Amino acid sequence: MRSRWILRSVLAILAIPHLGRAQESINVDAATLDQHVAHRVAPVYPPIAKAARIQGTIVFQVRVGVSGNIESTTVVSGPAMLQQAAIDCVKHWTFQPFERDGKPVSASGQISIDFSLGKDGPTASEEKIADRYFPLADQCRKLLSSRADYPAAATACKQAADTANEFAPGVRFIERRSAFVYAATAYADAGNLKDALPWADKAVATVKLGHDDDSGSNAAYSTKGNIEGMLGDLASADQDLATAEDFERKGIVSMEKDSPGIAGNYRRVLARDLRFHAQVLQHLNRPDEAKKKLDEAAKYD
C-alpha cells in the first residue's frame, strides 16, 4: 500500500540500515537504532544542571554488540553539564540484536538523550506519567517497525499518545510531539486516515509552542501534510508540506555545522517530502512548481 510507504518517510530519520565494510558489522541510522531498543532507562536530571536551567540533547555515537548490549559510547554533541548523566543513563540500555542475512552482527549509529525542564521542572505527577509513557512508546515503535500487525500498532501508539496527552501543557514537548506523530503514522498505516489526522493536528499544535527542534517540527508538519494529501485536501497539504520543508532545510544547516555525520539523514527526509509535495502540486495543476520540488530533491540523492 503506497500510503504506508509515504507515511514512513515523514519520521524524523529514514529507518534503513546501511552495510559497513566489515562483514560482522553494520551502520544504522538513528530511527533504526531507536526501534531496536529493548530496555530504555530515563535519564536522571543533574541537580546542578536543573538549578542552572540547563536543557538540551546529548547525541552519542554507539556500538551495539551481537548480544544487544552497548560496547562503546562517544559523545558527539550536547551541553557538558548533562553529558555524564546521559552516559550513566544510556549504559543501562539494551537492544534487540541486529542481523544481516540471518546472522547476528554488531551495529553502530547515533542515539539522543533529551533533557527538558519544561516550565518548572518535573513534578512527582509528571514523573509517574513518564514511567507509564516510556514503555508504551517503546511498544508502539516496535510494532510499527515490525510492519506485521498495523491494527495492533495503532492501538499501542494510541495508548502511548493518550498517556503523553496527560502531561501538563507546559512540559514534555518532545515526548508529546513524538507520541502524536507515531499515533498518526500508525493509524495511517492501518488505513484509517480520518483517525490519523487529529493526532497529526495535535503534533503540529505541540511544535507551534516553540520548544522543539527543526527535525521534530518537520516530522509534525510532514505527517500532517502527507495525511491531508492522501485525504484529498491538497491545499492544506501544500501549505503544511512547505512548512515541513522549511524546518528540515534549517535542520540541515544546523546539522552540517554541529553534527555533519547525520546531516545526510536530514537531506534524505527532505528529499522524500519534496517528492510527495511534487505529486500534490501536480494534482493542483502547478507543474512548474512541482518540477522545482523534484529538482531540489535530486540535489539530495
# chains A, B, ... in the order shown; residues from 1 in each chain; ligands from 1
>>> residues_around(residues="range 197-211 of chain A", least_positions_apart="2", cutoff="6 Å", atoms="only C-alpha atoms", output="PDB file with N, CA and C atoms, in the first residue's frame")
ATOM      1  N   ARG A 177       4.977  15.530  21.196  1.00  0.00           N
ATOM      2  CA  ARG A 177       5.022  15.592  19.734  1.00  0.00           C
ATOM      3  C   ARG A 177       5.355  14.237  19.131  1.00  0.00           C
ATOM      4  N   PHE A 180       2.382  11.835  19.336  1.00  0.00           N
ATOM      5  CA  PHE A 180       1.306  12.196  18.419  1.00  0.00           C
ATOM      6  C   PHE A 180       1.673  11.854  16.969  1.00  0.00           C
ATOM      7  N   VAL A 181       2.939  12.073  16.597  1.00  0.00           N
ATOM      8  CA  VAL A 181       3.383  11.713  15.246  1.00  0.00           C
ATOM      9  C   VAL A 181       3.288  10.210  15.035  1.00  0.00           C
ATOM     10  N   ALA A 184      -0.372   9.140  14.672  1.00  0.00           N
ATOM     11  CA  ALA A 184      -0.882   9.492  13.345  1.00  0.00           C
ATOM     12  C   ALA A 184      -0.356   8.529  12.288  1.00  0.00           C
ATOM     13  N   LYS A 194      -8.750   9.134   8.629  1.00  0.00           N
ATOM     14  CA  LYS A 194      -9.582  10.102   9.354  1.00  0.00           C
ATOM     15  C   LYS A 194      -9.221  10.145  10.837  1.00  0.00           C
ATOM     16  N   ASP A 195      -8.880   8.998  11.428  1.00  0.00           N
ATOM     17  CA  ASP A 195      -8.446   8.994  12.826  1.00  0.00           C
ATOM     18  C   ASP A 195      -6.982   9.397  12.958  1.00  0.00           C
ATOM     19  N   SER A 217       9.909  19.402  14.361  1.00  0.00           N
ATOM     20  CA  SER A 217       8.868  20.223  13.754  1.00  0.00           C
ATOM     21  C   SER A 217       8.578  19.752  12.338  1.00  0.00           C
ATOM     22  N   ALA A 220       6.252  16.688  12.468  1.00  0.00           N
ATOM     23  CA  ALA A 220       4.855  17.008  12.737  1.00  0.00           C
ATOM     24  C   ALA A 220       4.154  17.543  11.487  1.00  0.00           C
ATOM     25  N   TYR A 221       4.750  18.552  10.861  1.00  0.00           N
ATOM     26  CA  TYR A 221       4.109  19.155   9.688  1.00  0.00           C
ATOM     27  C   TYR A 221       4.095  18.199   8.497  1.00  0.00           C
ATOM     28  N   LYS A 224       1.327  15.589   8.976  1.00  0.00           N
ATOM     29  CA  LYS A 224       0.031  16.211   8.713  1.00  0.00           C
ATOM     30  C   LYS A 224      -0.166  16.447   7.215  1.00  0.00           C
TER      31      LYS A 224
END
>>> closest_atom_pairs(of="range 19-49 of chain A", to="range 87-110 of chain A", cutoff="6 Å", atoms="only C-alpha atoms", output="JSON lines")
{"residue": "A:Glu24", "atom": "CA", "partner": "A:Val105", "partner_atom": "CA", "distance": 5.2}
{"residue": "A:Ser25", "atom": "CA", "partner": "A:Ser106", "partner_atom": "CA", "distance": 4.7}
{"residue": "A:Ile26", "atom": "CA", "partner": "A:Ala107", "partner_atom": "CA", "distance": 4.9}
{"residue": "A:Asn27", "atom": "CA", "partner": "A:Ser108", "partner_atom": "CA", "distance": 4.9}
{"residue": "A:Val28", "atom": "CA", "partner": "A:Gly109", "partner_atom": "CA", "distance": 5.3}
{"residue": "A:Asp29", "atom": "CA", "partner": "A:Gly109", "partner_atom": "CA", "distance": 5.7}
{"residue": "A:Ala30", "atom": "CA", "partner": "A:Gln110", "partner_atom": "CA", "distance": 5.3}
{"residue": "A:His36", "atom": "CA", "partner": "A:Gln96", "partner_atom": "CA", "distance": 5.1}
{"residue": "A:Val37", "atom": "CA", "partner": "A:Phe95", "partner_atom": "CA", "distance": 4.3}
{"residue": "A:Ala38", "atom": "CA", "partner": "A:Phe95", "partner_atom": "CA", "distance": 4.6}
{"residue": "A:His39", "atom": "CA", "partner": "A:Thr94", "partner_atom": "CA", "distance": 5.1}
{"residue": "A:Arg40", "atom": "CA", "partner": "A:Trp93", "partner_atom": "CA", "distance": 5.1}
{"residue": "A:Pro43", "atom": "CA", "partner": "A:Cys89", "partner_atom": "CA", "distance": 5.1}
>>> residues_around(residues="Ala137 in chain A", least_positions_apart="6", cutoff="8 Å", atoms="only C-alpha atoms", output="ChimeraX atom specification")
/A:156-157,160,179
>>> atom_distance(atom1="CA of Asp212 in chain A", atom2="CA of Ala42 in chain A")
18.9 Å
>>> closest_atom_pairs(of="range 31-134 of chain A", to="range 247-269 of chain A", cutoff="9 Å", atoms="only C-alpha atoms", output="CSV")
residue,atom,partner,partner_atom,distance
A:Val59,CA,A:Ser259,CA,8.9
A:Val76,CA,A:Ser259,CA,7.2
A:Ser77,CA,A:Ser259,CA,7.4
A:Gln110,CA,A:Ile262,CA,8.4
>>> write_last_selection(atoms="C-alpha atoms", output="compact mmCIF listing (two decimals), in the first residue's frame")
# COMPACT_ATOMS: atom_id res chain seq x y z
CA VAL A 59 23.94 12.88 20.95
CA VAL A 76 29.05 13.76 19.66
CA SER A 77 27.36 16.90 20.96
CA GLN A 110 23.65 7.54 16.91
>>> closest_residue(among="A:Lys293, A:Val64, A:Tyr45, A:Ala186", to="Met81 in chain A", atoms="only C-alpha atoms")
A:Tyr45
>>> select_by_dssp(residues="range 54-153 of chain A", states="strand (DSSP E or B)", output="PyMOL selection string")
chain A and resi 56-64+69-77+94-95+98-100+103-115
>>> residues_around(residues="Gln159 in chain A", least_positions_apart="5", cutoff="9 Å", atoms="only C-alpha atoms", output="list in words")
Tyr133, Leu136, Ala137, Cys140, Ala154, Ala164 and Ala183 of chain A
>>> write_last_selection(atoms="C-alpha atoms", output="tab-separated table (two decimals), in the first residue's frame")
chain	number	residue	atom	x	y	z
A	133	TYR	CA	4.62	6.57	28.96
A	136	LEU	CA	4.11	2.25	25.92
A	137	ALA	CA	6.14	4.37	23.50
A	140	CYS	CA	4.42	1.47	19.79
A	154	ALA	CA	-2.39	1.71	16.01
A	164	ALA	CA	1.52	11.61	26.63
A	183	ALA	CA	-0.06	7.66	16.57
>>> closest_residue(among="A:Gln239, A:Gly191, A:Asp131, A:Thr155", to="Phe167 in chain A", atoms="only C-alpha atoms")
A:Asp131
>>> atom_distance(atom1="CA of Leu143 in chain A", atom2="CA of Ala244 in chain A")
25.7 Å
>>> decode(residues="range 204-215 of chain A", atoms="N, CA and C atoms", output="compact mmCIF listing (two decimals), in the first residue's frame")
# COMPACT_ATOMS: atom_id res chain seq x y z
N VAL A 204 1.28 19.08 15.41
CA VAL A 204 1.56 20.42 14.92
C VAL A 204 1.28 21.46 16.00
N ALA A 205 0.18 21.29 16.73
CA ALA A 205 -0.13 22.22 17.81
C ALA A 205 0.97 22.24 18.86
N THR A 206 1.58 21.08 19.10
CA THR A 206 2.65 20.99 20.09
C THR A 206 3.91 21.72 19.61
N VAL A 207 4.30 21.53 18.37
CA VAL A 207 5.52 22.20 17.90
C VAL A 207 5.30 23.70 17.75
N LYS A 208 4.05 24.12 17.58
CA LYS A 208 3.77 25.56 17.50
C LYS A 208 4.07 26.28 18.81
N LEU A 209 4.19 25.52 19.89
CA LEU A 209 4.53 26.13 21.18
C LEU A 209 5.97 26.62 21.20
N GLY A 210 6.78 26.14 20.25
CA GLY A 210 8.12 26.69 20.07
C GLY A 210 9.23 26.07 20.89
N HIS A 211 9.03 24.83 21.37
CA HIS A 211 10.05 24.21 22.21
C HIS A 211 10.71 23.00 21.55
N ASP A 212 10.46 22.76 20.29
CA ASP A 212 11.01 21.59 19.61
C ASP A 212 12.14 22.01 18.68
N ASP A 213 12.86 21.01 18.15
CA ASP A 213 13.92 21.32 17.19
C ASP A 213 13.36 21.28 15.78
N ASP A 214 14.21 21.58 14.81
CA ASP A 214 13.75 21.66 13.42
C ASP A 214 13.29 20.30 12.89
N SER A 215 14.02 19.24 13.24
CA SER A 215 13.66 17.93 12.74
C SER A 215 12.32 17.47 13.31
